[in-house]
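K.L.:
Okay, so here is model_15.csv, and as you'll see once you scroll down, it has CSV, C-alpha atoms (C1' of nucleotides).
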```csv
chain,number,residue,atom,x,y,z
U,1135,MET,CA,89.3,130.4,121.7
U,1136,GLY,CA,85.8,131.4,122.9
U,1137,LEU,CA,87.1,130.8,126.5
U,1138,LEU,CA,88.8,134.1,126.9
U,1139,SER,CA,85.5,135.7,127.6
U,1140,LEU,CA,85.8,135.2,131.4
U,1141,GLY,CA,85.8,138.8,132.2
U,1142,PRO,CA,84.3,141.3,129.8
U,1143,MET,CA,86.9,142.9,127.7
U,1144,SER,CA,87.8,144.2,124.3
U,1145,GLY,CA,89.7,142.4,121.6
U,1146,TYR,CA,92.7,144.5,122.2
U,1147,GLU,CA,92.7,143.8,125.9
U,1148,MET,CA,92.4,140.1,125.2
U,1149,ARG,CA,95.6,140.2,123.3
U,1150,GLN,CA,97.3,142.1,126.1
U,1151,MET,CA,96.2,139.6,128.7
U,1152,MET,CA,97.4,136.7,126.6
U,1153,GLU,CA,100.8,138.3,126.3
U,1154,GLN,CA,100.9,138.6,130.0
U,1155,SER,CA,99.5,135.3,131.2
U,1156,THR,CA,99.3,132.6,128.5
U,1157,THR,CA,102.2,133.6,126.4
U,1158,ASN,CA,104.1,130.4,127.0
U,1159,PHE,CA,101.4,128.1,125.9
U,1160,TRP,CA,98.9,130.1,123.9
U,1161,THR,CA,98.8,133.1,121.7
U,1162,GLU,CA,96.5,134.5,119.1
U,1163,SER,CA,97.0,137.3,116.6
U,1164,TYR,CA,94.4,140.0,116.0
U,1165,GLY,CA,93.7,138.4,112.7
U,1166,GLN,CA,92.3,135.5,114.7
U,1167,ILE,CA,90.8,137.4,117.6
U,1168,TYR,CA,88.5,139.8,115.8
U,1169,PRO,CA,86.9,137.4,113.3
U,1170,ALA,CA,86.5,134.9,116.2
U,1171,LEU,CA,84.7,137.4,118.3
U,1172,LYS,CA,82.5,138.3,115.4
U,1173,SER,CA,81.5,134.7,114.8
U,1174,MET,CA,80.9,134.1,118.5
U,1175,VAL,CA,78.6,137.1,118.6
U,1176,LYS,CA,76.7,135.6,115.7
U,1177,ASP,CA,76.4,132.3,117.6
U,1178,GLY,CA,75.1,134.0,120.7
U,1179,LEU,CA,78.1,133.0,122.8
U,1180,VAL,CA,79.1,136.5,123.6
U,1181,THR,CA,77.5,140.0,123.4
U,1182,VAL,CA,79.1,143.3,122.3
U,1183,GLU,CA,78.6,146.7,123.8
U,1184,GLU,CA,80.0,149.8,122.2
U,1185,GLN,CA,81.6,151.7,125.0
U,1186,THR,CA,81.8,155.4,124.1
U,1187,GLY,CA,81.9,156.8,127.6
U,1188,GLY,CA,85.5,155.9,128.4
U,1189,VAL,CA,88.6,157.6,127.2
U,1190,ARG,CA,88.3,156.1,123.8
U,1191,ALA,CA,85.6,154.2,122.0
U,1192,LYS,CA,85.9,150.5,122.2
U,1193,LYS,CA,83.8,147.3,122.0
U,1194,VAL,CA,83.5,145.4,125.1
U,1195,TYR,CA,82.6,141.7,124.8
U,1196,LYS,CA,80.9,139.8,127.5
U,1197,ILE,CA,80.1,136.1,127.7
U,1198,THR,CA,76.5,134.9,127.7
U,1199,PRO,CA,75.1,132.0,129.7
U,1200,LEU,CA,75.2,130.0,126.5
U,1201,GLY,CA,78.8,130.8,126.2
U,1202,GLU,CA,79.5,129.8,129.7
U,1203,ARG,CA,77.9,126.4,129.1
U,1204,ARG,CA,80.0,126.0,126.0
U,1205,LEU,CA,83.1,126.8,127.9
U,1206,ARG,CA,82.3,124.3,130.6
U,1207,ARG,CA,81.7,121.6,128.0
U,1208,TRP,CA,85.0,122.4,126.3
U,1209,LEU,CA,86.8,122.0,129.6
U,1210,GLN,CA,85.4,118.5,129.9
U,1211,VAL,CA,86.4,117.1,126.5
U,1212,GLY,CA,89.9,115.8,126.4
U,1213,ALA,CA,92.5,117.7,124.5
U,1214,LYS,CA,93.4,115.9,121.4
U,1215,PRO,CA,97.1,115.2,121.1
U,1216,GLN,CA,98.7,117.8,118.9
U,1217,ALA,CA,101.8,116.8,117.0
U,1218,TYR,CA,104.4,119.3,117.9
U,1219,ARG,CA,107.4,120.1,115.8
U,1220,ASN,CA,110.9,120.7,117.1
U,1221,GLU,CA,113.3,122.1,114.7
U,1222,LEU,CA,116.2,121.7,117.0
U,1223,LEU,CA,115.7,118.0,117.3
U,1224,LEU,CA,115.3,117.7,113.5
U,1225,LYS,CA,118.7,119.4,113.1
U,1226,ILE,CA,120.3,117.1,115.7
U,1227,PHE,CA,118.8,114.1,113.9
U,1228,PHE,CA,120.8,115.0,110.9
U,1229,GLY,CA,123.8,116.1,113.0
U,1230,ASP,CA,125.9,113.6,111.2
U,1231,GLN,CA,125.8,115.8,108.1
U,1232,ALA,CA,126.7,118.9,109.9
U,1233,GLU,CA,130.0,120.7,110.1
U,1234,ARG,CA,132.0,120.1,113.3
U,1235,GLY,CA,130.7,122.2,116.1
U,1236,ALA,CA,127.5,123.2,114.5
U,1237,ILE,CA,125.3,120.9,116.5
U,1238,ALA,CA,127.0,121.9,119.8
U,1239,ALA,CA,126.4,125.5,118.9
U,1240,GLN,CA,122.7,124.8,118.5
U,1241,VAL,CA,122.5,123.1,121.8
U,1242,VAL,CA,124.4,125.9,123.5
U,1243,ALA,CA,122.0,128.5,122.0
U,1244,LYS,CA,119.0,126.5,123.2
U,1245,ARG,CA,120.5,126.1,126.6
U,1246,GLU,CA,120.9,129.9,126.9
U,1247,GLN,CA,117.4,130.5,125.7
U,1248,LEU,CA,116.0,128.0,128.2
U,1249,GLY,CA,117.9,129.6,131.0
U,1250,GLU,CA,116.4,133.0,130.2
U,1251,ALA,CA,113.0,131.4,130.0
U,1252,LEU,CA,113.4,129.8,133.4
U,1253,GLN,CA,114.3,133.1,135.0
U,1254,LYS,CA,111.3,134.7,133.4
U,1255,TYR,CA,109.0,132.0,134.6
U,1256,GLU,CA,110.2,132.2,138.1
U,1257,ALA,CA,109.9,135.9,138.2
U,1258,LYS,CA,106.4,135.7,136.9
U,1259,VAL,CA,105.3,133.2,139.5
U,1260,ILE,CA,106.5,135.5,142.3
U,1261,TRP,CA,104.8,138.4,140.7
U,1262,MET,CA,101.6,136.5,140.3
U,1263,GLU,CA,101.6,135.3,143.8
U,1264,THR,CA,101.9,138.9,145.1
U,1265,ALA,CA,99.6,140.5,142.6
U,1266,PHE,CA,96.7,138.1,142.6
U,1267,ALA,CA,97.3,136.3,145.9
U,1268,ARG,CA,93.6,135.7,146.6
U,1269,HIS,CA,92.3,135.2,143.1
U,1270,PRO,CA,90.2,132.0,143.0
U,1271,ALA,CA,91.9,130.9,139.8
U,1272,MET,CA,95.3,131.3,141.3
U,1273,PRO,CA,96.0,127.6,142.0
U,1274,TYR,CA,95.3,126.8,138.4
U,1275,TRP,CA,97.6,129.6,137.1
U,1276,LYS,CA,100.3,128.3,139.4
U,1277,MET,CA,99.9,124.8,137.9
U,1278,THR,CA,100.5,126.1,134.4
U,1279,ALA,CA,103.5,128.1,135.6
U,1280,ARG,CA,104.9,125.0,137.3
U,1281,PHE,CA,104.5,123.1,134.1
U,1282,GLY,CA,106.7,125.5,132.3
U,1283,ILE,CA,109.3,125.5,135.0
U,1284,ALA,CA,109.4,121.7,135.2
U,1285,GLU,CA,109.7,121.3,131.5
U,1286,THR,CA,112.3,124.0,131.1
U,1287,LYS,CA,114.4,122.5,133.9
U,1288,ALA,CA,114.3,119.1,132.3
U,1289,LEU,CA,115.4,120.5,129.0
U,1290,ILE,CA,118.2,122.4,130.5
U,1291,ALA,CA,119.4,119.2,132.1
U,1292,TRP,CA,119.1,117.5,128.7
U,1293,CYS,CA,121.2,120.3,127.1
U,1294,ASP,CA,124.0,119.9,129.6
U,1295,GLU,CA,124.0,116.1,129.3
U,1296,THR,CA,124.0,116.4,125.5
U,1297,LEU,CA,126.8,118.9,125.5
U,1298,ALA,CA,128.9,116.7,127.7
U,1299,GLU,CA,128.3,113.8,125.3
U,1300,LEU,CA,129.3,115.9,122.3
U,1301,GLU,CA,132.4,117.1,124.1
U,1302,LYS,CA,133.3,113.5,124.9
U,1303,ARG,CA,133.1,112.7,121.3
U,1304,GLY,CA,135.2,115.7,120.3
U,1305,LEU,CA,132.3,117.2,118.4
U,1306,VAL,CA,132.6,120.6,120.0
U,1307,SER,CA,134.8,123.1,118.2
U,1308,ARG,CA,136.2,124.9,121.1
U,1309,VAL,CA,139.3,127.1,121.5
O,828,MET,CA,112.2,119.8,104.7
O,829,GLY,CA,114.8,119.4,102.0
O,830,LEU,CA,116.9,117.6,104.5
O,831,LEU,CA,115.3,114.3,104.3
O,832,SER,CA,117.2,113.6,101.2
O,833,LEU,CA,120.1,111.9,103.0
O,834,GLY,CA,119.7,108.6,101.4
O,835,PRO,CA,117.9,108.3,98.0
O,836,MET,CA,114.3,107.4,98.5
O,837,SER,CA,110.8,107.9,97.2
O,838,GLY,CA,108.2,110.3,98.7
O,839,TYR,CA,106.3,107.3,100.0
O,840,GLU,CA,109.4,105.9,101.7
O,841,MET,CA,110.1,109.3,103.2
O,842,ARG,CA,106.8,109.3,104.9
O,843,GLN,CA,107.4,105.8,106.2
O,844,MET,CA,110.7,106.7,107.6
O,845,MET,CA,109.4,109.8,109.3
O,846,GLU,CA,106.7,107.7,111.0
O,847,GLN,CA,109.4,105.4,112.3
O,848,SER,CA,112.1,107.8,113.4
O,849,THR,CA,111.0,111.4,113.7
O,850,THR,CA,107.4,110.9,114.6
O,851,ASN,CA,107.7,112.5,118.0
O,852,PHE,CA,109.2,115.7,116.8
O,853,TRP,CA,108.5,116.0,113.1
O,854,THR,CA,105.9,114.8,110.6
O,855,GLU,CA,104.8,115.9,107.1
O,856,SER,CA,101.8,114.8,105.1
O,857,TYR,CA,101.9,113.8,101.5
O,858,GLY,CA,100.3,117.0,100.6
O,859,GLN,CA,103.6,118.6,101.8
O,860,ILE,CA,106.1,116.1,100.7
O,861,TYR,CA,105.3,115.8,97.0
O,862,PRO,CA,105.0,119.5,96.2
O,863,ALA,CA,108.2,120.0,98.2
O,864,LEU,CA,110.1,117.4,96.3
O,865,LYS,CA,108.9,118.9,93.0
O,866,SER,CA,110.1,122.3,94.0
O,867,MET,CA,113.4,121.0,95.2
O,868,VAL,CA,114.0,119.3,91.8
O,869,LYS,CA,113.2,122.6,90.2
O,870,ASP,CA,115.8,124.3,92.4
O,871,GLY,CA,118.4,121.6,91.6
O,872,LEU,CA,118.7,120.4,95.2
O,873,VAL,CA,117.6,116.9,94.3
O,874,THR,CA,117.3,114.8,91.2
O,875,VAL,CA,114.6,112.3,90.3
O,876,GLU,CA,114.9,108.9,88.7
O,877,GLU,CA,112.0,106.9,87.5
O,878,GLN,CA,112.6,103.4,88.7
O,879,THR,CA,110.7,100.9,86.6
O,880,GLY,CA,112.9,97.9,87.2
O,881,GLY,CA,111.7,97.1,90.7
O,882,VAL,CA,108.4,95.6,91.8
O,883,ARG,CA,106.5,98.6,91.2
O,884,ALA,CA,107.3,101.9,89.4
O,885,LYS,CA,108.4,104.6,91.7
O,886,LYS,CA,110.3,107.9,91.6
O,887,VAL,CA,113.5,107.8,93.6
O,888,TYR,CA,114.9,111.1,94.7
O,889,LYS,CA,118.5,111.7,95.4
O,890,ILE,CA,120.3,114.7,96.9
O,891,THR,CA,122.7,116.7,94.7
O,892,PRO,CA,125.9,118.4,95.9
O,893,LEU,CA,124.1,121.7,95.9
O,894,GLY,CA,121.4,120.1,98.1
O,895,GLU,CA,124.1,118.9,100.5
O,896,ARG,CA,125.5,122.3,100.8
O,897,ARG,CA,122.1,123.7,101.5
O,898,LEU,CA,121.5,121.1,104.2
O,899,ARG,CA,124.8,121.9,105.9
O,900,ARG,CA,124.0,125.6,105.8
O,901,TRP,CA,120.6,124.9,107.3
O,902,LEU,CA,122.2,122.9,110.1
O,903,GLN,CA,124.2,126.0,111.0
O,904,VAL,CA,121.5,128.6,111.3
O,905,GLY,CA,119.8,128.7,114.7
O,906,ALA,CA,116.3,127.3,114.9
O,907,LYS,CA,114.0,130.2,115.4
O,908,PRO,CA,111.9,129.8,118.6
O,909,GLN,CA,108.4,128.5,117.6
O,910,ALA,CA,105.5,129.4,119.8
O,911,TYR,CA,104.0,126.1,120.8
O,912,ARG,CA,100.4,125.7,122.0
O,913,ASN,CA,99.3,123.5,124.7
O,914,GLU,CA,95.6,122.9,124.9
O,915,LEU,CA,95.8,121.1,128.2
O,916,LEU,CA,97.5,124.1,129.9
O,917,LEU,CA,94.9,126.4,128.4
O,918,LYS,CA,92.1,124.3,130.0
O,919,ILE,CA,93.9,124.3,133.3
O,920,PHE,CA,94.3,128.0,133.1
O,921,PHE,CA,90.5,128.3,133.0
O,922,GLY,CA,90.1,125.5,135.5
O,923,ASP,CA,88.2,127.7,137.8
O,924,GLN,CA,85.3,127.7,135.4
O,925,ALA,CA,85.3,123.9,135.1
O,926,GLU,CA,83.0,121.4,136.8
O,927,ARG,CA,84.5,119.7,139.8
O,928,GLY,CA,86.8,116.8,138.7
O,929,ALA,CA,87.0,117.9,135.1
O,930,ILE,CA,90.5,119.3,135.4
O,931,ALA,CA,91.7,116.3,137.4
O,932,ALA,CA,90.4,114.0,134.7
O,933,GLN,CA,92.3,116.0,132.1
O,934,VAL,CA,95.5,115.6,134.0
O,935,VAL,CA,94.9,111.9,134.6
O,936,ALA,CA,94.4,111.4,130.8
O,937,LYS,CA,97.6,113.2,130.1
O,938,ARG,CA,99.5,111.2,132.6
O,939,GLU,CA,98.3,108.0,131.0
O,940,GLN,CA,99.2,109.2,127.6
O,941,LEU,CA,102.7,110.2,128.8
O,942,GLY,CA,103.2,106.9,130.4
O,943,GLU,CA,102.5,105.1,127.2
O,944,ALA,CA,104.7,107.5,125.3
O,945,LEU,CA,107.5,106.9,127.7
O,946,GLN,CA,107.3,103.1,127.2
O,947,LYS,CA,107.3,103.5,123.5
O,948,TYR,CA,110.4,105.8,123.6
O,949,GLU,CA,112.3,103.4,125.7
O,950,ALA,CA,111.4,100.4,123.5
O,951,LYS,CA,112.5,102.4,120.5
O,952,VAL,CA,115.8,103.3,122.0
O,953,ILE,CA,116.5,99.6,122.7
O,954,TRP,CA,115.4,98.6,119.2
O,955,MET,CA,117.5,101.4,117.6
O,956,GLU,CA,120.6,100.4,119.5
O,957,THR,CA,120.4,96.8,118.3
O,958,ALA,CA,119.2,97.5,114.8
O,959,PHE,CA,121.6,100.3,113.9
O,960,ALA,CA,124.3,99.8,116.5
O,961,ARG,CA,127.1,101.0,114.2
O,962,HIS,CA,125.4,103.7,112.2
O,963,PRO,CA,127.5,106.9,112.3
O,964,ALA,CA,124.4,109.0,113.0
O,965,MET,CA,123.4,106.8,116.0
O,966,PRO,CA,124.7,109.1,118.7
O,967,TYR,CA,122.6,111.9,117.3
O,968,TRP,CA,119.5,109.7,117.1
O,969,LYS,CA,120.0,108.8,120.7
O,970,MET,CA,120.2,112.4,121.7
O,971,THR,CA,116.8,113.1,120.2
O,972,ALA,CA,115.4,110.0,121.8
O,973,ARG,CA,116.8,111.1,125.2
O,974,PHE,CA,115.2,114.5,124.7
O,975,GLY,CA,111.8,112.8,124.4
O,976,ILE,CA,112.4,110.6,127.4
O,977,ALA,CA,113.7,113.5,129.6
O,978,GLU,CA,110.7,115.7,128.7
O,979,THR,CA,108.2,113.0,129.2
O,980,LYS,CA,109.5,112.0,132.6
O,981,ALA,CA,109.5,115.6,133.7
O,982,LEU,CA,105.9,116.0,132.6
O,983,ILE,CA,104.8,112.8,134.3
O,984,ALA,CA,106.3,114.2,137.5
O,985,TRP,CA,104.4,117.4,136.9
O,986,CYS,CA,101.1,115.4,136.4
O,987,ASP,CA,101.6,113.6,139.7
O,988,GLU,CA,102.4,116.7,141.6
O,989,THR,CA,99.4,118.5,140.1
O,990,LEU,CA,97.1,115.7,140.9
O,991,ALA,CA,98.3,115.6,144.5
O,992,GLU,CA,97.6,119.4,144.6
O,993,LEU,CA,94.1,119.0,143.2
O,994,GLU,CA,93.4,116.2,145.6
O,995,LYS,CA,94.6,118.3,148.5
O,996,ARG,CA,92.1,121.0,147.5
O,997,GLY,CA,89.3,118.5,147.1
O,998,LEU,CA,89.0,119.1,143.4
O,999,VAL,CA,89.1,115.5,142.4
O,1000,SER,CA,85.7,113.8,142.1
O,1001,ARG,CA,86.7,110.4,143.3
O,1002,VAL,CA,84.5,107.6,144.6
C,1119,DT,C1',104.8,168.0,117.2
C,1120,DA,C1',106.4,163.5,117.0
C,1121,DG,C1',105.8,159.3,118.6
C,1122,DC,C1',103.7,155.9,121.2
C,1123,DA,C1',99.9,153.3,123.2
C,1124,DC,C1',95.1,152.4,122.4
C,1125,DA,C1',91.8,150.3,119.3
C,1126,DT,C1',89.6,147.8,115.3
C,1127,DG,C1',89.7,145.6,111.5
C,1128,DT,C1',90.9,143.4,106.5
C,1129,DA,C1',93.6,141.3,102.8
C,1130,DA,C1',97.3,138.7,101.3
C,1131,DT,C1',99.8,135.1,102.1
C,1132,DA,C1',101.7,131.1,104.3
C,1133,DA,C1',101.5,126.6,106.1
C,1134,DG,C1',99.5,122.4,106.7
C,1135,DT,C1',95.8,118.7,106.8
C,1136,DT,C1',92.2,115.9,104.9
C,1137,DA,C1',90.0,113.8,101.6
C,1138,DC,C1',89.8,112.2,97.3
C,1139,DA,C1',91.3,110.0,92.8
C,1140,DT,C1',93.9,106.6,90.6
C,1141,DG,C1',96.0,102.3,89.9
C,1142,DA,C1',99.2,98.2,90.6
C,1143,DT,C1',100.5,94.3,93.4
C,1144,DT,C1',100.4,91.3,97.2
C,1145,DT,C1',98.3,88.9,100.9
C,1146,DT,C1',94.3,86.7,103.1
R,1099,DA,C1',87.5,88.0,95.5
R,1100,DA,C1',88.4,91.3,98.9
R,1101,DA,C1',91.4,93.8,101.5
R,1102,DA,C1',95.7,95.7,102.5
R,1103,DT,C1',99.9,97.8,101.0
R,1104,DC,C1',102.6,100.3,97.8
R,1105,DA,C1',102.8,104.6,95.2
R,1106,DT,C1',101.8,109.4,93.4
R,1107,DG,C1',99.5,113.1,93.3
R,1108,DT,C1',95.7,117.1,93.6
R,1109,DA,C1',92.0,120.1,95.4
R,1110,DA,C1',89.6,121.9,99.0
R,1111,DC,C1',89.7,123.5,103.2
R,1112,DT,C1',91.4,125.1,107.7
R,1113,DT,C1',94.3,127.6,110.4
R,1114,DA,C1',97.3,131.2,111.4
R,1115,DT,C1',100.6,135.0,110.6
R,1116,DT,C1',101.9,139.4,108.6
R,1117,DA,C1',101.3,143.5,106.9
R,1118,DC,C1',98.6,147.1,106.1
R,1119,DA,C1',94.9,150.8,106.7
R,1120,DT,C1',92.8,153.9,109.8
R,1121,DG,C1',92.2,156.9,113.5
R,1122,DT,C1',92.3,158.9,118.6
R,1123,DG,C1',94.4,160.7,122.6
R,1124,DC,C1',98.3,161.1,125.7
R,1125,DT,C1',103.0,162.2,126.7
R,1126,DA,C1',107.9,163.6,126.1
```
Now that the file is in, can you turn its structure into C-alpha cells?
P.N.:
Amino acid sequence: MGLLSLGPMSGYEMRQMMEQSTTNFWTESYGQIYPALKSMVKDGLVTVEEQTGGVRAKKVYKITPLGERRLRRWLQVGAKPQAYRNELLLKIFFGDQAERGAIAAQVVAKREQLGEALQKYEAKVIWMETAFARHPAMPYWKMTARFGIAETKALIAWCDETLAELEKRGLVSRV
Amino acid sequence: MGLLSLGPMSGYEMRQMMEQSTTNFWTESYGQIYPALKSMVKDGLVTVEEQTGGVRAKKVYKITPLGERRLRRWLQVGAKPQAYRNELLLKIFFGDQAERGAIAAQVVAKREQLGEALQKYEAKVIWMETAFARHPAMPYWKMTARFGIAETKALIAWCDETLAELEKRGLVSRV
DNA sequence: TAGCACATGTAATAAGTTACATGATTTT
DNA sequence: AAAATCATGTAACTTATTACATGTGCTA
C-alpha cells in the first residue's frame, strides 16, 4: 500500500484518487488507509504535515527517501500469484443442479455488466489521454487500462459463446 | 460453500476435489470447510454419518432435501460483483517509479506463468473429456474450463503487446 | 437551513489463511 | 523405521469491510 505516496496527499485524497484511477484493480477502505499511513509514519516511510492554512485542516502525507527506496524494491519483487475467486464460475460448475434457465440468466447478467464495464474503460482511456497527455506515467496507465479492456472483451466473447451453447442445449428459458 | 454437498463426501475429500476441479476459481482451506460443515449440519442442510467400516474412520456428509433447495436458490440469485485485486497492475501503474527493466521483468514473469496455466487448462479439458465423458454436468464443467482458457489467452496477448510497447520505449533492460 | 462534500478516525465484525495438534494407516 | 497420505479439527493471526462518531464549510 505504501506506494500511493507518490505525490503528497491526504488520506481522503488517496481514496478519491483510487476511485478514479485504480478502481478496477485496487481499492482500499478508510479502515485500511488511515492505520496504514500511521504505521508508515512510524516506520519513517512517510512524513505528515498538518495543513491548517487551506480551506480546511488536513494532514498531508509525503514520501521520504526511505519510502522511495522501499517502493522501488517492491516494484522489483514478483507479485505472488493470488488465488482469485469467481462466484459465477462456481455457480456454473454446479449448473446441473440449477433450475432451467437459471444459469443462462447468470451469464446474461454478467454479459451486461461486462458491456457496461467495457464502455466505462474505453471512456476513461479517452479522458486520460486528453487530461494527462504528457504525464510521464501515462504509458503505464494506458497499459493497465488496456489490460482491463482486453480481459473484458475476452470475457464478453466467452459469454456469447456460452449462451450459444446453452441455447443449443435448450437450457435457456426463453419466450 | 454449502454447495459442495452434491455427492456425499468427507471434508477431506471436499478439499481434494476442489484442488482437482475448481482450483482455478475457488478454493477453501480446512479452517473454512470444517466449521462450515458443522454449521450446515446445525442448520439441517446436511447430515453426517460416522463411517467406521472403511479403511479409516471418517465422517461422511450428505446433503438433505432442504440443502438441495437452498442450493437451487443460491444458483438463482445473481453473483454480486466482487472487487478483485491485481498486484501486477498496481506495480505497472507505478511503473514510472521503477528501475529500468523492472516492469518488463514483471510482465515476462506473468507471461510465463500464464503460458503454464494455459497448458494445464488444456490438458485438464482433455482429461475431463475422457474421464467423465458422459457425466451430466460435463457441459457446465467445460464452460468453466473454457472461461479459464479464454481469459488466459487474452492476457497472454496483452503481455506480448505490453512487452512490445515497453521495448519500443526502450524500457526493457536486455543484453 | 438542510444536505452534501471534505476530512479523520475507531470499533465491531467478517472472512480467510496458517500453523499446529493429533493419530491411524500405508508405502518406501 | 521413516515418510507420506488420510483424516479431523482448533487457535492465532491477518486482512479487509462496514458502520459509526465527529466536525467543518460550502451550496442549493
K.L.:
List as a list in words the residues having at least one atom at most 10 Å from position (102.1, 119.2, 107.8) as given in the file, counting all atoms listed in the file.
P.N.:
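Here the neighbourhood of the point contains Ala1217 and Arg1219 of chain U; Trp853, Thr854, Glu855, Ser856, Tyr857, Gly858, Gln859 and Ile860 of chain O; DA1133, DG1134 and DT1135 of chain C.
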K.L.:
Between CA of Val1242 (chain U) and CA of Arg1303 (chain U), what is the spacing in Å?
P.N.:
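CA of Arg1303 (chain U) sits 16.0 Å away from CA of Val1242 (chain U).
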K.L.:
Please check the contacts: residues of chain U at most 8 Å away from chain C, using only C-alpha atoms (C1' of nucleotides), listed as a ChimeraX atom specification.
P.N.:
/U:1146,1168,1190-1192
K.L.:
Around (87.4, 127.5, 137.3), as given in the file, which residues come within 10 Å? Count all atoms listed in the file and list them as a PyMOL selection string.
P.N.:
(chain U and resi 1140+1206+1209+1270-1274) or (chain O and resi 918-927+929-930)
K.L.:
Have a look at C1' of DT1108 (chain R) and CA of Ser866 (chain O) and let me know their distance in Å, one decimal.
P.N.:
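Computing the Euclidean distance for C1' of DT1108 (chain R) and CA of Ser866 (chain O) yields 15.3 Å.
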K.L.:
For CA of Glu943 (chain O) and CA of Cys1293 (chain U), quote the distance in Å rounded to one decimal.
P.N.:
24.1 Å
K.L.:
Between O:Lys886, O:Arg900, O:Lys865, O:Arg961, which is the closest to chain U once you count all atoms listed in the file?
P.N.:
O:Arg900
K.L.:
For chain R, report every residue with an atom at most 10 Å from chain O (counting only C-alpha atoms (C1' of nucleotides)), formatted as a PDB file with C-alpha atoms (C1' of nucleotides), keeping the file's coordinate frame.
P.N.:
```pdb
ATOM      1  C1'  DC R1104     102.600 100.300  97.800  1.00  0.00           C
ATOM      2  C1'  DA R1105     102.800 104.600  95.200  1.00  0.00           C
ATOM      3  C1'  DT R1106     101.800 109.400  93.400  1.00  0.00           C
ATOM      4  C1'  DG R1107      99.500 113.100  93.300  1.00  0.00           C
ATOM      5  C1'  DT R1108      95.700 117.100  93.600  1.00  0.00           C
TER       6       DT R1108
END
```
K.L.:
Let me make sure I understand: among O:Ala906, O:Leu990, O:Val875, O:Ile953, which one has the smallest atom-to-atom distance to chain U if we use all atoms listed in the file?
P.N.:
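Between O:Ala906, O:Leu990, O:Val875, O:Ile953, the residue approaching chain U most closely is O:Ala906.
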K.L.:
Kindly indicate which residue among U:Ala1170, U:Met1148, U:Val1194, U:Leu1137 lies nearest to chain O, using only C-alpha atoms for the distances.
P.N.:
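Of U:Ala1170, U:Met1148, U:Val1194, U:Leu1137, the one nearest chain O is U:Leu1137, counting only C-alpha atoms.
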K.L.:
Point out the residue among U:Ala1279, U:Leu1179, U:Ala1288, U:Val1306 with the least atom-to-atom distance to chain O, counting all atoms listed in the file.
P.N.:
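Among U:Ala1279, U:Leu1179, U:Ala1288, U:Val1306, it is U:Ala1288 that comes nearest to chain O.
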K.L.:
Nearest to Ala931 (chain O): which of O:Leu998, O:Ala958, O:Ala984, O:Val868 is it, counting all atoms listed in the file?
P.N.:
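Among O:Leu998, O:Ala958, O:Ala984, O:Val868, it is O:Leu998 that comes nearest to Ala931 (chain O).
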K.L.:
Measuring atom to atom with only C-alpha atoms, identify which of U:Leu1224, U:Leu1138, U:Leu1300, U:Met1143 is nearest to Lys1196 (chain U).
P.N.:
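Using only C-alpha atoms, the shortest distance to Lys1196 (chain U) belongs to U:Met1143.
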